[in-house]
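Visitor: Structure file my_file-v3.txt, compact mmCIF, N, CA and C atoms, is pasted below:
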```
# COMPACT_ATOMS: atom_id res chain seq x y z
N MET U 1 111.18 104.26 96.83
CA MET U 1 111.53 105.26 97.81
C MET U 1 111.06 104.80 99.18
N GLU U 2 111.96 104.65 100.13
CA GLU U 2 111.58 104.16 101.45
C GLU U 2 111.26 105.30 102.38
N SER U 3 110.40 105.02 103.35
CA SER U 3 110.08 106.04 104.34
C SER U 3 111.21 106.16 105.34
N GLU U 4 111.25 107.28 106.00
CA GLU U 4 112.22 107.47 107.07
C GLU U 4 111.77 106.64 108.26
N PRO U 5 112.72 105.99 108.95
CA PRO U 5 112.32 105.21 110.12
C PRO U 5 111.74 106.12 111.19
N GLY U 6 110.73 105.64 111.83
CA GLY U 6 110.17 106.38 112.94
C GLY U 6 109.24 107.51 112.57
N CYS U 7 108.59 107.48 111.42
CA CYS U 7 107.63 108.52 111.06
C CYS U 7 106.36 108.33 111.88
N LEU U 8 105.94 109.39 112.55
CA LEU U 8 104.71 109.34 113.33
C LEU U 8 103.52 109.60 112.41
N ILE U 9 102.54 108.71 112.44
CA ILE U 9 101.33 108.87 111.63
C ILE U 9 100.17 109.08 112.60
N GLU U 10 99.51 110.23 112.49
CA GLU U 10 98.33 110.52 113.29
C GLU U 10 97.10 110.30 112.41
N PHE U 11 96.19 109.47 112.88
CA PHE U 11 94.96 109.21 112.14
C PHE U 11 93.87 110.08 112.73
N GLU U 12 93.52 111.15 112.01
CA GLU U 12 92.52 112.11 112.48
C GLU U 12 91.18 111.44 112.69
N ALA U 13 90.43 111.99 113.60
CA ALA U 13 89.07 111.57 113.96
C ALA U 13 89.04 110.27 114.75
N SER U 14 90.11 109.49 114.69
CA SER U 14 90.12 108.25 115.46
C SER U 14 90.90 108.44 116.76
N GLY U 15 91.74 109.48 116.80
CA GLY U 15 92.56 109.70 117.98
C GLY U 15 93.69 108.70 118.13
N ARG U 16 94.01 108.00 117.07
CA ARG U 16 95.05 106.97 117.14
C ARG U 16 96.27 107.42 116.35
N ASP U 17 97.42 107.03 116.83
CA ASP U 17 98.64 107.29 116.10
C ASP U 17 99.58 106.10 116.25
N VAL U 18 100.54 106.03 115.34
CA VAL U 18 101.46 104.91 115.31
C VAL U 18 102.76 105.38 114.65
N VAL U 19 103.85 104.77 115.00
CA VAL U 19 105.13 105.04 114.35
C VAL U 19 105.30 104.00 113.25
N SER U 20 105.54 104.48 112.03
CA SER U 20 105.66 103.57 110.89
C SER U 20 107.01 102.88 110.88
N SER U 21 107.04 101.74 110.24
CA SER U 21 108.28 101.04 109.95
C SER U 21 108.75 101.48 108.57
N PRO U 22 110.05 101.40 108.27
CA PRO U 22 110.54 101.81 106.95
C PRO U 22 109.82 101.06 105.82
N GLY U 23 109.29 101.81 104.86
CA GLY U 23 108.63 101.22 103.70
C GLY U 23 107.23 100.69 103.96
N GLU U 24 106.70 100.89 105.16
CA GLU U 24 105.39 100.34 105.51
C GLU U 24 104.26 101.18 104.91
N PRO U 25 103.32 100.54 104.20
CA PRO U 25 102.17 101.27 103.67
C PRO U 25 101.28 101.79 104.80
N LEU U 26 100.58 102.88 104.53
CA LEU U 26 99.65 103.44 105.51
C LEU U 26 98.61 102.41 105.95
N LEU U 27 98.19 101.55 105.03
CA LEU U 27 97.20 100.53 105.35
C LEU U 27 97.68 99.64 106.49
N ASP U 28 98.91 99.17 106.41
CA ASP U 28 99.46 98.30 107.45
C ASP U 28 99.63 99.06 108.77
N ALA U 29 100.09 100.31 108.68
CA ALA U 29 100.27 101.12 109.89
C ALA U 29 98.92 101.37 110.56
N ALA U 30 97.88 101.65 109.76
CA ALA U 30 96.55 101.89 110.31
C ALA U 30 96.03 100.64 111.02
N ARG U 31 96.26 99.51 110.44
CA ARG U 31 95.80 98.27 111.07
C ARG U 31 96.56 98.00 112.37
N ARG U 32 97.84 98.32 112.40
CA ARG U 32 98.58 98.17 113.66
C ARG U 32 98.05 99.12 114.72
N ALA U 33 97.50 100.26 114.29
CA ALA U 33 96.93 101.23 115.23
C ALA U 33 95.51 100.86 115.64
N GLY U 34 94.98 99.78 115.06
CA GLY U 34 93.64 99.33 115.43
C GLY U 34 92.53 99.85 114.53
N LEU U 35 92.88 100.46 113.40
CA LEU U 35 91.87 100.93 112.45
C LEU U 35 91.69 99.89 111.36
N GLU U 36 90.48 99.47 111.14
CA GLU U 36 90.20 98.48 110.10
C GLU U 36 89.76 99.18 108.83
N ILE U 37 90.71 99.46 107.97
CA ILE U 37 90.43 100.10 106.68
C ILE U 37 90.11 99.00 105.68
N THR U 38 89.07 99.21 104.90
CA THR U 38 88.64 98.23 103.91
C THR U 38 89.65 98.16 102.77
N SER U 39 89.99 96.94 102.38
CA SER U 39 90.88 96.71 101.25
C SER U 39 90.50 95.37 100.64
N LEU U 40 89.53 95.40 99.75
CA LEU U 40 89.02 94.16 99.15
C LEU U 40 90.03 93.47 98.25
N CYS U 41 90.99 94.24 97.71
CA CYS U 41 91.97 93.66 96.78
C CYS U 41 93.21 93.14 97.49
N GLY U 42 93.22 93.20 98.81
CA GLY U 42 94.37 92.71 99.56
C GLY U 42 95.59 93.62 99.48
N GLY U 43 95.36 94.90 99.25
CA GLY U 43 96.47 95.86 99.24
C GLY U 43 97.19 95.99 97.92
N LYS U 44 96.54 95.59 96.84
CA LYS U 44 97.17 95.67 95.51
C LYS U 44 96.85 96.97 94.78
N GLY U 45 95.98 97.82 95.35
CA GLY U 45 95.64 99.09 94.73
C GLY U 45 94.57 99.00 93.66
N ALA U 46 93.90 97.87 93.56
CA ALA U 46 92.93 97.66 92.48
C ALA U 46 91.50 98.08 92.85
N CYS U 47 91.12 97.96 94.12
CA CYS U 47 89.72 98.21 94.48
C CYS U 47 89.43 99.67 94.79
N GLY U 48 90.41 100.43 95.24
CA GLY U 48 90.20 101.84 95.54
C GLY U 48 89.39 102.10 96.81
N ARG U 49 89.18 101.09 97.64
CA ARG U 49 88.35 101.23 98.83
C ARG U 49 89.10 101.81 100.03
N CYS U 50 90.42 101.84 99.99
CA CYS U 50 91.21 102.27 101.15
C CYS U 50 91.63 103.73 101.03
N ARG U 51 90.75 104.57 100.53
CA ARG U 51 91.06 105.99 100.35
C ARG U 51 91.30 106.68 101.69
N VAL U 52 92.33 107.49 101.71
CA VAL U 52 92.62 108.35 102.86
C VAL U 52 92.99 109.72 102.29
N ARG U 53 92.97 110.74 103.16
CA ARG U 53 93.35 112.09 102.71
C ARG U 53 94.51 112.58 103.56
N LEU U 54 95.57 112.98 102.92
CA LEU U 54 96.73 113.52 103.62
C LEU U 54 96.41 114.94 104.07
N ALA U 55 96.49 115.18 105.37
CA ALA U 55 96.23 116.51 105.93
C ALA U 55 97.53 117.26 106.18
N ALA U 56 98.60 116.54 106.49
CA ALA U 56 99.90 117.16 106.73
C ALA U 56 100.98 116.11 106.54
N GLY U 57 102.15 116.55 106.11
CA GLY U 57 103.26 115.62 105.93
C GLY U 57 103.48 115.29 104.46
N GLN U 58 104.31 114.30 104.24
CA GLN U 58 104.67 113.91 102.88
C GLN U 58 104.61 112.40 102.73
N LEU U 59 104.02 111.97 101.62
CA LEU U 59 103.92 110.55 101.31
C LEU U 59 104.76 110.24 100.08
N SER U 60 104.96 108.96 99.83
CA SER U 60 105.67 108.50 98.64
C SER U 60 104.94 109.01 97.39
N PRO U 61 105.65 109.03 96.24
CA PRO U 61 105.00 109.49 95.00
C PRO U 61 103.77 108.64 94.65
N VAL U 62 102.85 109.24 93.93
CA VAL U 62 101.63 108.57 93.48
C VAL U 62 102.03 107.40 92.57
N THR U 63 101.39 106.25 92.80
CA THR U 63 101.69 105.05 92.01
C THR U 63 100.74 104.95 90.81
N PRO U 64 101.08 104.14 89.80
CA PRO U 64 100.18 103.93 88.67
C PRO U 64 98.81 103.39 89.12
N GLU U 65 98.80 102.56 90.15
CA GLU U 65 97.53 102.02 90.66
C GLU U 65 96.64 103.14 91.19
N GLU U 66 97.26 104.12 91.83
CA GLU U 66 96.49 105.25 92.36
C GLU U 66 95.94 106.13 91.24
N THR U 67 96.70 106.31 90.18
CA THR U 67 96.20 107.14 89.08
C THR U 67 95.04 106.45 88.36
N GLN U 68 94.97 105.13 88.45
CA GLN U 68 93.83 104.42 87.86
C GLN U 68 92.62 104.44 88.79
N ALA U 69 92.85 104.35 90.10
CA ALA U 69 91.74 104.25 91.06
C ALA U 69 91.18 105.61 91.45
N LEU U 70 91.99 106.66 91.38
CA LEU U 70 91.57 108.00 91.83
C LEU U 70 91.60 108.97 90.66
N ASP U 71 90.59 109.83 90.58
CA ASP U 71 90.60 110.83 89.51
C ASP U 71 91.56 111.97 89.87
N ALA U 72 91.86 112.82 88.89
CA ALA U 72 92.83 113.89 89.08
C ALA U 72 92.42 114.85 90.19
N GLN U 73 91.12 115.13 90.32
CA GLN U 73 90.66 116.05 91.36
C GLN U 73 90.87 115.45 92.75
N SER U 74 90.59 114.17 92.91
CA SER U 74 90.81 113.51 94.20
C SER U 74 92.29 113.56 94.58
N LEU U 75 93.17 113.28 93.62
CA LEU U 75 94.60 113.35 93.89
C LEU U 75 95.02 114.77 94.26
N ALA U 76 94.47 115.76 93.56
CA ALA U 76 94.78 117.16 93.85
C ALA U 76 94.29 117.56 95.24
N ASP U 77 93.19 116.94 95.70
CA ASP U 77 92.63 117.23 97.02
C ASP U 77 93.35 116.48 98.14
N GLY U 78 94.36 115.70 97.79
CA GLY U 78 95.16 115.02 98.80
C GLY U 78 94.74 113.59 99.08
N PHE U 79 93.80 113.05 98.29
CA PHE U 79 93.38 111.66 98.51
C PHE U 79 94.41 110.72 97.94
N ARG U 80 94.63 109.62 98.66
CA ARG U 80 95.57 108.59 98.26
C ARG U 80 94.99 107.24 98.65
N LEU U 81 95.59 106.17 98.16
CA LEU U 81 95.21 104.83 98.58
C LEU U 81 96.16 104.42 99.71
N ALA U 82 95.60 104.00 100.83
CA ALA U 82 96.41 103.64 101.99
C ALA U 82 97.34 102.47 101.69
N CYS U 83 96.91 101.58 100.80
CA CYS U 83 97.74 100.41 100.50
C CYS U 83 98.95 100.75 99.63
N GLN U 84 98.91 101.89 98.96
CA GLN U 84 99.99 102.28 98.04
C GLN U 84 100.87 103.39 98.59
N SER U 85 100.41 104.11 99.62
CA SER U 85 101.12 105.28 100.15
C SER U 85 101.99 104.91 101.33
N ARG U 86 103.19 105.43 101.31
CA ARG U 86 104.14 105.21 102.41
C ARG U 86 104.60 106.56 102.93
N PRO U 87 104.63 106.73 104.24
CA PRO U 87 105.03 108.03 104.79
C PRO U 87 106.52 108.29 104.59
N LEU U 88 106.85 109.53 104.23
CA LEU U 88 108.24 109.95 104.11
C LEU U 88 108.62 110.86 105.28
N THR U 89 107.61 111.46 105.90
CA THR U 89 107.79 112.33 107.07
C THR U 89 106.67 112.01 108.05
N ASP U 90 106.68 112.65 109.21
CA ASP U 90 105.53 112.55 110.10
C ASP U 90 104.32 113.03 109.33
N CYS U 91 103.18 112.36 109.51
CA CYS U 91 101.98 112.66 108.73
C CYS U 91 100.74 112.72 109.61
N ARG U 92 99.77 113.50 109.14
CA ARG U 92 98.43 113.49 109.72
C ARG U 92 97.50 113.08 108.58
N VAL U 93 96.72 112.02 108.81
CA VAL U 93 95.91 111.41 107.76
C VAL U 93 94.47 111.31 108.23
N LEU U 94 93.55 111.72 107.36
CA LEU U 94 92.12 111.59 107.64
C LEU U 94 91.63 110.32 106.96
N VAL U 95 90.96 109.46 107.72
CA VAL U 95 90.38 108.24 107.16
C VAL U 95 88.88 108.46 107.08
N PRO U 96 88.32 108.66 105.87
CA PRO U 96 86.88 108.87 105.74
C PRO U 96 86.11 107.63 106.22
N ALA U 97 84.91 107.84 106.72
CA ALA U 97 84.08 106.74 107.21
C ALA U 97 83.86 105.69 106.13
N GLN U 98 83.78 106.09 104.87
CA GLN U 98 83.55 105.15 103.77
C GLN U 98 84.70 104.16 103.61
N SER U 99 85.88 104.52 104.09
CA SER U 99 87.04 103.65 103.96
C SER U 99 87.18 102.66 105.10
N LEU U 100 86.39 102.85 106.15
CA LEU U 100 86.47 101.95 107.30
C LEU U 100 85.60 100.73 107.08
N SER U 101 85.95 99.63 107.73
CA SER U 101 85.12 98.44 107.66
C SER U 101 83.75 98.77 108.24
N ALA U 102 82.74 97.99 107.89
CA ALA U 102 81.37 98.28 108.32
C ALA U 102 81.25 98.39 109.83
N GLU U 103 81.95 97.54 110.56
CA GLU U 103 81.88 97.57 112.02
C GLU U 103 82.40 98.89 112.56
N ARG U 104 83.52 99.36 112.07
CA ARG U 104 84.10 100.62 112.52
C ARG U 104 83.26 101.80 112.05
N ARG U 105 82.70 101.70 110.83
CA ARG U 105 81.90 102.78 110.30
C ARG U 105 80.68 103.01 111.18
N ALA U 106 80.10 101.94 111.71
CA ALA U 106 78.94 102.07 112.57
C ALA U 106 79.28 102.84 113.84
N GLN U 107 80.53 102.80 114.24
CA GLN U 107 80.93 103.51 115.44
C GLN U 107 81.10 105.00 115.21
N VAL U 108 81.33 105.43 113.98
CA VAL U 108 81.55 106.85 113.72
C VAL U 108 80.39 107.51 112.99
N GLU U 109 79.49 106.73 112.44
CA GLU U 109 78.34 107.28 111.75
C GLU U 109 77.08 106.95 112.54
N GLY U 110 76.02 107.63 112.20
CA GLY U 110 74.76 107.29 112.84
C GLY U 110 74.06 108.53 113.35
N LEU U 111 72.87 108.31 113.82
CA LEU U 111 72.04 109.38 114.33
C LEU U 111 71.58 109.00 115.71
N GLU U 112 71.81 109.89 116.66
CA GLU U 112 71.38 109.62 118.02
C GLU U 112 69.89 109.93 118.10
N LYS U 113 69.15 109.02 118.65
CA LYS U 113 67.71 109.21 118.78
C LYS U 113 67.32 108.96 120.22
N MET U 114 66.68 109.93 120.83
CA MET U 114 66.24 109.79 122.21
C MET U 114 64.93 108.99 122.22
N VAL U 115 64.83 108.07 123.13
CA VAL U 115 63.65 107.21 123.24
C VAL U 115 63.14 107.30 124.66
N ASP U 116 61.83 107.58 124.80
CA ASP U 116 61.20 107.57 126.12
C ASP U 116 60.96 106.13 126.54
N SER U 117 61.25 105.87 127.78
CA SER U 117 61.04 104.52 128.29
C SER U 117 59.62 104.43 128.82
N ASP U 118 58.75 103.81 128.06
CA ASP U 118 57.36 103.61 128.47
C ASP U 118 56.96 102.20 128.01
N PRO U 119 57.44 101.16 128.73
CA PRO U 119 57.19 99.79 128.27
C PRO U 119 55.71 99.43 128.37
N PRO U 120 55.23 98.60 127.45
CA PRO U 120 53.83 98.19 127.46
C PRO U 120 53.53 97.19 128.60
N VAL U 121 54.55 96.57 129.13
CA VAL U 121 54.37 95.59 130.21
C VAL U 121 55.14 96.09 131.41
N ARG U 122 54.50 96.03 132.57
CA ARG U 122 55.15 96.47 133.79
C ARG U 122 55.05 95.36 134.84
N ALA U 123 56.00 95.34 135.74
CA ALA U 123 55.97 94.38 136.84
C ALA U 123 54.82 94.75 137.79
N SER U 124 54.10 93.74 138.25
CA SER U 124 53.01 94.04 139.20
C SER U 124 53.62 94.33 140.55
N PRO U 125 52.94 95.16 141.34
CA PRO U 125 53.46 95.46 142.68
C PRO U 125 53.50 94.18 143.51
N GLU U 126 54.45 94.14 144.43
CA GLU U 126 54.57 92.97 145.28
C GLU U 126 53.31 92.84 146.15
N PRO U 127 52.87 91.60 146.36
CA PRO U 127 51.69 91.43 147.21
C PRO U 127 51.98 91.92 148.62
N ASN U 128 50.96 92.42 149.25
CA ASN U 128 51.10 92.98 150.60
C ASN U 128 51.42 91.86 151.57
N ALA U 129 52.47 92.00 152.33
CA ALA U 129 52.92 90.97 153.27
C ALA U 129 51.97 90.81 154.44
N SER U 130 51.12 91.78 154.71
CA SER U 130 50.25 91.71 155.86
C SER U 130 48.99 90.88 155.59
N THR U 131 48.69 90.50 154.38
CA THR U 131 47.47 89.72 154.12
C THR U 131 47.66 88.27 154.22
```
Turn this file's structure into structure tokens for me.
Guide:
Amino acid sequence: MESEPGCLIEFEASGRDVVSSPGEPLLDAARRAGLEITSLCGGKGACGRCRVRLAAGQLSPVTPEETQALDAQSLADGFRLACQSRPLTDCRVLVPAQSLSAERRAQVEGLEKMVDSDPPVRASPEPNAST
């Protein structure tokens, strides 16, 4: 089943969107949009690392690879594998931080910690020019 040409895919939380090509997996569309989703199996659906959640729209039917990688509850909750899912309509997709490459994950996760600047070493005052 091919996707309709020109389906708009909005990637929630990243603020990025892209228009899909016919038959293009979400994984490829996300990468074109600049999102580095982890896919250790090279897009074959075996590793299950490229999980995304469909928030709105319609995707291609669930593949056998997805039924092996995702449990029934995850599928019922709208989770899919980006490498196996193809948009059939305009879609809004949430990419969990766990599905992003480590570099991208560091940009969306973390704890802000305020630090007082009190260095142990300070520059000495300039010598007096009048001496």
Visitor: Counting only N, CA and C atoms, figure out which residue out of U:Arg80, U:Arg16, U:Arg49, U:Gln98 gets nearest to Leu35 in chain U.
Guide: U:Arg16
Visitor: Atom C of Gln84 in chain U to atom C of Thr63 in chain U: how many Å, to one decimal?
Guide: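 Distance between the two atoms: 7.9 Å.
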Visitor: Which is closest to Gly6 in chain U among U:Leu26, U:Ala82, U:Cys41, U:Leu88, if we use only C-alpha atoms?
Guide: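 Once distances to Gly6 in chain U are computed over only C-alpha atoms, the minimum belongs to U:Leu88.
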Visitor: Measuring atom to atom with all atoms listed in the file, identify which of U:Ile37, U:Leu75, U:Leu8, U:Ala30 is nearest to Ser101 in chain U.
Guide: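 Among the listed residues, U:Ile37 lies closest to Ser101 in chain U.
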Visitor: Between U:Gly43, U:Pro87, U:Ala76, U:Asn128, single out the one closest to Ser21 in chain U, counting all atoms listed in the file.
Guide: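 Once distances to Ser21 in chain U are computed over all atoms listed in the file, the minimum belongs to U:Pro87.
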Visitor: Grab the CA of Gly15 in chain U to atom N of Ser60 in chain U distance for me, in Å with one decimal place.
Guide: 22.0 Å
Visitor: Just list the residues in chain U DSSP gives strand (DSSP E) on the backbone, as a PDB file with N, CA and C atoms, in the frame of the given file.
Guide:
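Result went into part.pdb, see below:
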```
ATOM      1  N   LEU U   8     105.940 109.390 112.550  1.00  0.00           N
ATOM      2  CA  LEU U   8     104.710 109.340 113.330  1.00  0.00           C
ATOM      3  C   LEU U   8     103.520 109.600 112.410  1.00  0.00           C
ATOM      4  N   ILE U   9     102.540 108.710 112.440  1.00  0.00           N
ATOM      5  CA  ILE U   9     101.330 108.870 111.630  1.00  0.00           C
ATOM      6  C   ILE U   9     100.170 109.080 112.600  1.00  0.00           C
ATOM      7  N   GLU U  10      99.510 110.230 112.490  1.00  0.00           N
ATOM      8  CA  GLU U  10      98.330 110.520 113.290  1.00  0.00           C
ATOM      9  C   GLU U  10      97.100 110.300 112.410  1.00  0.00           C
ATOM     10  N   PHE U  11      96.190 109.470 112.880  1.00  0.00           N
ATOM     11  CA  PHE U  11      94.960 109.210 112.140  1.00  0.00           C
ATOM     12  C   PHE U  11      93.870 110.080 112.730  1.00  0.00           C
ATOM     13  N   GLU U  12      93.520 111.150 112.010  1.00  0.00           N
ATOM     14  CA  GLU U  12      92.520 112.110 112.480  1.00  0.00           C
ATOM     15  C   GLU U  12      91.180 111.440 112.690  1.00  0.00           C
ATOM     16  N   ARG U  16      94.010 108.000 117.070  1.00  0.00           N
ATOM     17  CA  ARG U  16      95.050 106.970 117.140  1.00  0.00           C
ATOM     18  C   ARG U  16      96.270 107.420 116.350  1.00  0.00           C
ATOM     19  N   ASP U  17      97.420 107.030 116.830  1.00  0.00           N
ATOM     20  CA  ASP U  17      98.640 107.290 116.100  1.00  0.00           C
ATOM     21  C   ASP U  17      99.580 106.100 116.250  1.00  0.00           C
ATOM     22  N   VAL U  18     100.540 106.030 115.340  1.00  0.00           N
ATOM     23  CA  VAL U  18     101.460 104.910 115.310  1.00  0.00           C
ATOM     24  C   VAL U  18     102.760 105.380 114.650  1.00  0.00           C
ATOM     25  N   VAL U  19     103.850 104.770 115.000  1.00  0.00           N
ATOM     26  CA  VAL U  19     105.130 105.040 114.350  1.00  0.00           C
ATOM     27  C   VAL U  19     105.300 104.000 113.250  1.00  0.00           C
ATOM     28  N   ARG U  51      90.750 104.570 100.530  1.00  0.00           N
ATOM     29  CA  ARG U  51      91.060 105.990 100.350  1.00  0.00           C
ATOM     30  C   ARG U  51      91.300 106.680 101.690  1.00  0.00           C
ATOM     31  N   VAL U  52      92.330 107.490 101.710  1.00  0.00           N
ATOM     32  CA  VAL U  52      92.620 108.350 102.860  1.00  0.00           C
ATOM     33  C   VAL U  52      92.990 109.720 102.290  1.00  0.00           C
ATOM     34  N   ARG U  53      92.970 110.740 103.160  1.00  0.00           N
ATOM     35  CA  ARG U  53      93.350 112.090 102.710  1.00  0.00           C
ATOM     36  C   ARG U  53      94.510 112.580 103.560  1.00  0.00           C
ATOM     37  N   LEU U  54      95.570 112.980 102.920  1.00  0.00           N
ATOM     38  CA  LEU U  54      96.730 113.520 103.620  1.00  0.00           C
ATOM     39  C   LEU U  54      96.410 114.940 104.070  1.00  0.00           C
ATOM     40  N   ALA U  55      96.490 115.180 105.370  1.00  0.00           N
ATOM     41  CA  ALA U  55      96.230 116.510 105.930  1.00  0.00           C
ATOM     42  C   ALA U  55      97.530 117.260 106.180  1.00  0.00           C
ATOM     43  N   ALA U  56      98.600 116.540 106.490  1.00  0.00           N
ATOM     44  CA  ALA U  56      99.900 117.160 106.730  1.00  0.00           C
ATOM     45  C   ALA U  56     100.980 116.110 106.540  1.00  0.00           C
ATOM     46  N   PHE U  79      93.800 113.050  98.290  1.00  0.00           N
ATOM     47  CA  PHE U  79      93.380 111.660  98.510  1.00  0.00           C
ATOM     48  C   PHE U  79      94.410 110.720  97.940  1.00  0.00           C
ATOM     49  N   ARG U  80      94.630 109.620  98.660  1.00  0.00           N
ATOM     50  CA  ARG U  80      95.570 108.590  98.260  1.00  0.00           C
ATOM     51  C   ARG U  80      94.990 107.240  98.650  1.00  0.00           C
ATOM     52  N   LEU U  81      95.590 106.170  98.160  1.00  0.00           N
ATOM     53  CA  LEU U  81      95.210 104.830  98.580  1.00  0.00           C
ATOM     54  C   LEU U  81      96.160 104.420  99.710  1.00  0.00           C
ATOM     55  N   CYS U  91     103.180 112.360 109.510  1.00  0.00           N
ATOM     56  CA  CYS U  91     101.980 112.660 108.730  1.00  0.00           C
ATOM     57  C   CYS U  91     100.740 112.720 109.610  1.00  0.00           C
ATOM     58  N   ARG U  92      99.770 113.500 109.140  1.00  0.00           N
ATOM     59  CA  ARG U  92      98.430 113.490 109.720  1.00  0.00           C
ATOM     60  C   ARG U  92      97.500 113.080 108.580  1.00  0.00           C
ATOM     61  N   VAL U  93      96.720 112.020 108.810  1.00  0.00           N
ATOM     62  CA  VAL U  93      95.910 111.410 107.760  1.00  0.00           C
ATOM     63  C   VAL U  93      94.470 111.310 108.230  1.00  0.00           C
ATOM     64  N   LEU U  94      93.550 111.720 107.360  1.00  0.00           N
ATOM     65  CA  LEU U  94      92.120 111.590 107.640  1.00  0.00           C
ATOM     66  C   LEU U  94      91.630 110.320 106.960  1.00  0.00           C
TER      67      LEU U  94
END
```
Visitor: How many Å lie between CA of Glu65 in chain U and CA of Gly45 in chain U, rounded to one decimal?
Guide: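 Value for the CA of Glu65 in chain U-CA of Gly45 in chain U distance: 5.4 Å.
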Visitor: Would you list the contacts of Glu12 in chain U as a VMD selection string, taking every protein, DNA or RNA residue within 7 Å and counting all atoms listed in the file, but skipping same-chain residues closer than 6 positions in sequence?
Guide: chain U and resid 92 to 95
Visitor: So which residues touch Ala69 in chain U within 7 Å, counting only N, CA and C atoms, skipping near sequence neighbours fewer than 5 positions away, as a ChimeraX atom specification?
Guide: /U:45-48,64
Visitor: Check the DSSP output for the backbone and give back, as a PyMOL selection string, the residues of range 5-121 of chain U in helix (DSSP H, G or I).
Guide: chain U and resi 26-32+64-69+72-76+97-99+102-108
Visitor: Please identify all polymer residues within 8 Å of Cys83 in chain U, counting all atoms listed in the file, omitting same-chain residues fewer than 4 positions from it, and present them as a list in words.
Guide: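 That gives Glu24, Pro25, Leu26, Leu27, Asp28, Ser39, Gly42, Gly43, Lys44, Gly45, Arg49, Cys50, Arg51 and Val52 of chain U.
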Visitor: So, with all atoms listed in the file as the atoms that count, which of U:Thr89, U:Gln58, U:Thr38, U:Gln68 lies closest to Cys7 in chain U?
Guide: U:Thr89
Visitor: Could you check which of U:Pro61, U:Arg86, U:Val115, U:Cys91 is closest to Pro22 in chain U, using all atoms listed in the file?
Guide: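 Distance minimum relative to Pro22 in chain U lands on U:Arg86.
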